[in-house]
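I have placed the structure first, in the form of structure tokens, so that the comments after it can refer back to it.
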Amino acid sequence: MSHDGVGRSAVLRSVTFLTAGALAVTALAACSSDEKKASTPAAGQDIAPAGRNLVSDGGTLRWAVDDVPGTLNAFQADADAATSRIAGAVLPSMFRLDVNGRPQVNSAYLESAKVVSTEPKQVVVYRLNQQAVWSDGREIGADDFAAQWRALSGKDHKYWTARNAGYDRIQKIERGANNLEVKVTFAKPYADWRSLFSPLYPKDVMGTPGSFNDGARGGLKVTSGPFGIQSVDRDHGTVTLSRNPRWWGRPAKLSEIDLVAVPRDQRAAALADGKLDMAEVDPEEADRITLAARDKGGTPRQGSSPGTEPSGSASPGTESSGSASPGTESSGSASPGTEPSGSASPGAAGPYNQQTLNGFVLRRSLEPAYAQLALNGGRGPLSDERVRRAVARSLDRTQLAGLVLKPLGLPAVPVGSHLALAGQDAYADGSGAIGNQDTKEAQKLLAEAGWVNGSVKAKAAGSEGDKNSGDAGRTRGAGSTAGTDRRGDSGEDDKPRHLVREPAQQGGPPPGAYAPKGTAAPAGAAAGVLAKNGKPLQLKFVLPSGPGSRSLQTVGDRIARMLDKIGIRTEITKVPDDAFFKDHVASGDYDLALYSWPATAFPATDDRPIYAKPVPAADGSLSVEQNYTRVGTDQVDQLFDQAIATLDEGEERDLVRKADAHIWAAAGSIPLYQRPQLTVTRADLANAGAFGFQTPVYEDMGFLKKGGKPSASPSPSH
């Protein structure tokens, strides 16, 4: 859902709020109560499902992560995807997500959990599994729930918590008939109560600020899951999880899971060297793995995936050996630099092209996260909603999705919601609130905003400012041919009217931005760049430049071509990954940016900070929370407030869909496509791979017995 983002500061115009509400009316009627039919995921998971009787007992799974996590406390600000992965294996979760991204009771810990009363207060009663114990033998009980509530309620500022959502609505927690019955009373109704206590930490961690802030960073003395933490070795970049001897559920098939820190651009080499058994990879790495295998006369088998036929045949899996190698994994926050690319680079097999990759499988699904185009409404031309809507109307989202997903054999379906993905209860296509791609309508909106064809001061490409620019400063201005790809949106010979600025060129004005007056426009391009008060309509388009960002750059370039056709010039600025959010998106130093958000089963709680209307801070600036577009409306805030307070699940779903239609109408962000999820695994590894929405079932993962074969991956409708 990768990089975490933080940010402040924006200036929004009140006209945004008025027009966004008016424009959404038709779409709201279409996507609320009339749409009751549940959607299905656009692609099913690909995990080589196999019955436990076919899976061997024992073995070690070496699984790549981005880094050894800085904390094992999932409620701290620096928690990451590796933190969550460890928590999922070693701590209780009251609810787990199924293949459709819907929360389900986790029977290992709960016999039942339900709302038992709503008046005068909402009361939820949890009845715990009588066998559920911590690794020290103590029962999991009401005192653990109460300690976690007190730590996360936000009332004691000595606890350094990243968030308090939901816990701040609890009034009290009591024992019921016994310690295994937990009675939670809410001060205010809370629709997303199922999001709480997942994961649940022992009272030893949550009981005091000291144990919360520092005690759980480097280790967990007490756990409760199919696995426990054996060691955290930061020097060698590994976290070792071993079977929990006190686990009462289905015994874990694996003896150990080693989480091995390996950077994403080194994972293919680590797989080839026999140092990993499973690793999520970017498509360019998957391309290289395939090329390397072909160099040795073999091909890693493609895992099954909706809309595709598996290619090649499985190579016999063999037990791998060797020590782990350092590596990494993407987190669930907004992610700029790990987008997959859509095509192979010929000859880019990498340093491991002499290694055999037989016995590995490329498993494919769609990640529960989507890429979006963010439009900064806090400054410049995009502070006018009409300009933002014109940008949205210029985009062919189906074509953009196809750039990334079609080469991977995945369904190239644009995402239709900001708040849910296909398969989730709240999903409905709300894009009708903004409208389909329409060049004439986009140009009309720009004209209404005062942007018209007019004369702008021109500077010739190759003039004085270009003398020392070198290749990094090559421009793609109007009428310029230098450094351009001659294929347009449909392969035609049209050249985009945008320039690309590499990291070394961030400091000064872009050379050669404009062609000399009178230069003929290339075929198929816009008739002229729009201007207002003598200034051209030019937008700063920020993209990450690190490993794994090739597809973002491909998509960004295609977006620039589309904008060129309505008269908007773009300046593409490539920046290092570690500066992308901190120095640009969060600080508001961009007009356009591509990054991703993870999907959530609880949008009323989790997505509100992303779309909430910025509010004045004490120092006079605007507090934007995670709303990096600086675009928000009163209507959206009100709909989120209503959704989070209703206990009628159908009403909550309808309110979330209405909020999404308003978000579309405000045009602060444009969802593009669900991100691909590509995982390379050993061919004999079962119940693991590209999980899609589903929470991994750690106890069922393992290596197939000799002669054992996985069943076909389930279809997305099952």
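Going by the structure tokens order, chains are called A, B, ..., each with residues numbered from 1, while ligands are numbered from 1 in the order shown.
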Legend entry - Secondary structure check, alpha helix (DSSP H) residues of region 39-194 of chain A, as JSON, numbers by chain: {"A": [81, 82, 83, 84, 85, 86, 87, 88, 89, 90, 142, 143, 144, 145, 146, 147, 148, 149, 150, 151, 152]}
May I have the selected residues written with N, CA, C and O atoms, as a PDB file, in the first residue's frame?
ATOM      1  N   ALA A  81       6.171  -3.489   6.518  1.00  0.00           N
ATOM      2  CA  ALA A  81       5.556  -4.732   6.071  1.00  0.00           C
ATOM      3  C   ALA A  81       6.161  -5.942   6.765  1.00  0.00           C
ATOM      4  O   ALA A  81       5.470  -6.927   7.031  1.00  0.00           O
ATOM      5  N   ALA A  82       7.456  -5.901   7.045  1.00  0.00           N
ATOM      6  CA  ALA A  82       8.078  -7.019   7.751  1.00  0.00           C
ATOM      7  C   ALA A  82       7.545  -7.121   9.178  1.00  0.00           C
ATOM      8  O   ALA A  82       7.345  -8.222   9.700  1.00  0.00           O
ATOM      9  N   THR A  83       7.281  -5.979   9.804  1.00  0.00           N
ATOM     10  CA  THR A  83       6.662  -5.985  11.129  1.00  0.00           C
ATOM     11  C   THR A  83       5.321  -6.701  11.071  1.00  0.00           C
ATOM     12  O   THR A  83       5.014  -7.556  11.915  1.00  0.00           O
ATOM     13  N   SER A  84       4.517  -6.357  10.075  1.00  0.00           N
ATOM     14  CA  SER A  84       3.200  -6.971   9.931  1.00  0.00           C
ATOM     15  C   SER A  84       3.304  -8.458   9.633  1.00  0.00           C
ATOM     16  O   SER A  84       2.498  -9.263  10.122  1.00  0.00           O
ATOM     17  N   ARG A  85       4.287  -8.851   8.818  1.00  0.00           N
ATOM     18  CA  ARG A  85       4.450 -10.263   8.484  1.00  0.00           C
ATOM     19  C   ARG A  85       4.786 -11.069   9.728  1.00  0.00           C
ATOM     20  O   ARG A  85       4.245 -12.153   9.957  1.00  0.00           O
ATOM     21  N   ILE A  86       5.676 -10.538  10.552  1.00  0.00           N
ATOM     22  CA  ILE A  86       6.047 -11.228  11.785  1.00  0.00           C
ATOM     23  C   ILE A  86       4.851 -11.303  12.728  1.00  0.00           C
ATOM     24  O   ILE A  86       4.559 -12.367  13.297  1.00  0.00           O
ATOM     25  N   ALA A  87       4.141 -10.184  12.870  1.00  0.00           N
ATOM     26  CA  ALA A  87       2.970 -10.167  13.750  1.00  0.00           C
ATOM     27  C   ALA A  87       1.940 -11.200  13.310  1.00  0.00           C
ATOM     28  O   ALA A  87       1.319 -11.873  14.139  1.00  0.00           O
ATOM     29  N   GLY A  88       1.758 -11.356  12.006  1.00  0.00           N
ATOM     30  CA  GLY A  88       0.792 -12.315  11.499  1.00  0.00           C
ATOM     31  C   GLY A  88       1.128 -13.751  11.843  1.00  0.00           C
ATOM     32  O   GLY A  88       0.241 -14.603  11.953  1.00  0.00           O
ATOM     33  N   ALA A  89       2.412 -14.046  12.019  1.00  0.00           N
ATOM     34  CA  ALA A  89       2.850 -15.409  12.312  1.00  0.00           C
ATOM     35  C   ALA A  89       2.941 -15.704  13.796  1.00  0.00           C
ATOM     36  O   ALA A  89       2.841 -16.871  14.198  1.00  0.00           O
ATOM     37  N   VAL A  90       3.126 -14.659  14.626  1.00  0.00           N
ATOM     38  CA  VAL A  90       3.444 -14.923  16.039  1.00  0.00           C
ATOM     39  C   VAL A  90       2.457 -14.312  17.027  1.00  0.00           C
ATOM     40  O   VAL A  90       2.590 -14.546  18.234  1.00  0.00           O
ATOM     41  N   ALA A 142      -9.195 -10.968  28.990  1.00  0.00           N
ATOM     42  CA  ALA A 142      -9.708  -9.600  29.008  1.00  0.00           C
ATOM     43  C   ALA A 142      -8.639  -8.595  29.406  1.00  0.00           C
ATOM     44  O   ALA A 142      -8.658  -7.441  28.954  1.00  0.00           O
ATOM     45  N   ASP A 143      -7.701  -9.011  30.278  1.00  0.00           N
ATOM     46  CA  ASP A 143      -6.673  -8.062  30.719  1.00  0.00           C
ATOM     47  C   ASP A 143      -5.746  -7.663  29.572  1.00  0.00           C
ATOM     48  O   ASP A 143      -5.234  -6.539  29.539  1.00  0.00           O
ATOM     49  N   ASP A 144      -5.539  -8.565  28.590  1.00  0.00           N
ATOM     50  CA  ASP A 144      -4.738  -8.201  27.411  1.00  0.00           C
ATOM     51  C   ASP A 144      -5.485  -7.188  26.550  1.00  0.00           C
ATOM     52  O   ASP A 144      -4.890  -6.229  26.037  1.00  0.00           O
ATOM     53  N   PHE A 145      -6.784  -7.399  26.358  1.00  0.00           N
ATOM     54  CA  PHE A 145      -7.602  -6.459  25.591  1.00  0.00           C
ATOM     55  C   PHE A 145      -7.586  -5.084  26.259  1.00  0.00           C
ATOM     56  O   PHE A 145      -7.435  -4.052  25.590  1.00  0.00           O
ATOM     57  N   ALA A 146      -7.751  -5.065  27.579  1.00  0.00           N
ATOM     58  CA  ALA A 146      -7.809  -3.790  28.300  1.00  0.00           C
ATOM     59  C   ALA A 146      -6.478  -3.054  28.224  1.00  0.00           C
ATOM     60  O   ALA A 146      -6.439  -1.824  28.050  1.00  0.00           O
ATOM     61  N   ALA A 147      -5.369  -3.789  28.337  1.00  0.00           N
ATOM     62  CA  ALA A 147      -4.058  -3.139  28.271  1.00  0.00           C
ATOM     63  C   ALA A 147      -3.827  -2.520  26.900  1.00  0.00           C
ATOM     64  O   ALA A 147      -3.291  -1.402  26.784  1.00  0.00           O
ATOM     65  N   GLN A 148      -4.250  -3.221  25.839  1.00  0.00           N
ATOM     66  CA  GLN A 148      -4.063  -2.677  24.486  1.00  0.00           C
ATOM     67  C   GLN A 148      -4.931  -1.443  24.284  1.00  0.00           C
ATOM     68  O   GLN A 148      -4.492  -0.455  23.676  1.00  0.00           O
ATOM     69  N   TRP A 149      -6.151  -1.459  24.796  1.00  0.00           N
ATOM     70  CA  TRP A 149      -7.034  -0.287  24.680  1.00  0.00           C
ATOM     71  C   TRP A 149      -6.422   0.924  25.381  1.00  0.00           C
ATOM     72  O   TRP A 149      -6.383   2.020  24.824  1.00  0.00           O
ATOM     73  N   ARG A 150      -5.929   0.738  26.607  1.00  0.00           N
ATOM     74  CA  ARG A 150      -5.365   1.875  27.348  1.00  0.00           C
ATOM     75  C   ARG A 150      -4.142   2.443  26.625  1.00  0.00           C
ATOM     76  O   ARG A 150      -3.948   3.658  26.570  1.00  0.00           O
ATOM     77  N   ALA A 151      -3.336   1.560  26.047  1.00  0.00           N
ATOM     78  CA  ALA A 151      -2.130   2.032  25.355  1.00  0.00           C
ATOM     79  C   ALA A 151      -2.467   2.804  24.093  1.00  0.00           C
ATOM     80  O   ALA A 151      -1.779   3.779  23.744  1.00  0.00           O
ATOM     81  N   LEU A 152      -3.534   2.400  23.385  1.00  0.00           N
ATOM     82  CA  LEU A 152      -3.843   2.968  22.079  1.00  0.00           C
ATOM     83  C   LEU A 152      -5.006   3.957  22.095  1.00  0.00           C
ATOM     84  O   LEU A 152      -5.383   4.461  21.043  1.00  0.00           O
TER      85      LEU A 152
END
Inset, instruction - May I have the residues within 8 Å of Ser711 (chain A) as a PyMOL selection string, using only C-alpha atoms and disregarding those fewer than 6 positions away in the same chain? - result: chain A and resi 48-50
The selected residues should be written to file as a PDB file, in the first residue's frame (atoms: N, CA and C atoms).
ATOM      1  N   ALA A  48      -0.445 -22.030  -5.064  1.00  0.00           N
ATOM      2  CA  ALA A  48      -0.240 -23.481  -5.118  1.00  0.00           C
ATOM      3  C   ALA A  48      -0.931 -24.172  -3.951  1.00  0.00           C
ATOM      4  N   PRO A  49      -2.256 -24.066  -3.850  1.00  0.00           N
ATOM      5  CA  PRO A  49      -2.962 -24.672  -2.713  1.00  0.00           C
ATOM      6  C   PRO A  49      -2.818 -26.181  -2.705  1.00  0.00           C
ATOM      7  N   ALA A  50      -2.624 -26.720  -1.520  1.00  0.00           N
ATOM      8  CA  ALA A  50      -2.485 -28.168  -1.372  1.00  0.00           C
ATOM      9  C   ALA A  50      -2.983 -28.576   0.004  1.00  0.00           C
TER      10      ALA A  50
END
Legend entry - All residues 9 Å or closer to region 104-107 of chain A, only C-alpha atoms, same chain fewer than 4 positions away omitted, as a PyMOL selection string: chain A and resi 92-98+111-113+128-129+194
Write a file of the selected residues as a compact mmCIF listing (two decimals), in the first residue's frame, keeping C-alpha atoms.
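Okay, result-v5.txt is ready:
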# COMPACT_ATOMS: atom_id res chain seq x y z
CA PRO A 92 -3.25 -13.29 17.75
CA SER A 93 -5.57 -11.62 15.25
CA MET A 94 -9.26 -11.68 16.03
CA PHE A 95 -10.16 -11.36 12.35
CA ARG A 96 -8.39 -12.38 9.14
CA LEU A 97 -9.03 -11.30 5.56
CA ASP A 98 -10.37 -13.86 3.09
CA GLU A 111 -15.38 -18.74 19.31
CA SER A 112 -17.51 -15.71 18.46
CA ALA A 113 -17.53 -11.91 18.35
CA LEU A 128 -12.20 -16.48 23.24
CA ASN A 129 -11.06 -19.96 22.30
CA ARG A 194 -13.69 -5.76 13.64
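Distance annotation: of A:Val624, A:Leu373, A:Leu403, A:Leu594, the residue with the minimal separation from Gly668 (chain A) is A:Leu373; atom set is only C-alpha atoms.
Distance check against Ala74 (chain A) using only C-alpha atoms: of A:Val656, A:Asp156, A:Arg163, A:Pro614, the minimum falls on A:Arg163.
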Inset, instruction - Quick one: pull the distance between CA of Lys706 (chain A) and CA of Leu362 (chain A), Å, one decimal. - result: 20.8 Å
Inset, instruction - Run DSSP on the backbone of this structure and report the residues of region 34-218 of chain A it assigns to strand (DSSP E), as a PyMOL selection string. - result: chain A and resi 60-65+95-97+103-105+110-117+123-128+170-175+181-186
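Pairwise distance (CA of Asp438 (chain A), CA of Asp564 (chain A)) equals 13.7 Å.
For the atom pair formed by CA of Arg363 (chain A) and CA of Ala269 (chain A), the distance is 17.6 Å, given to one decimal.
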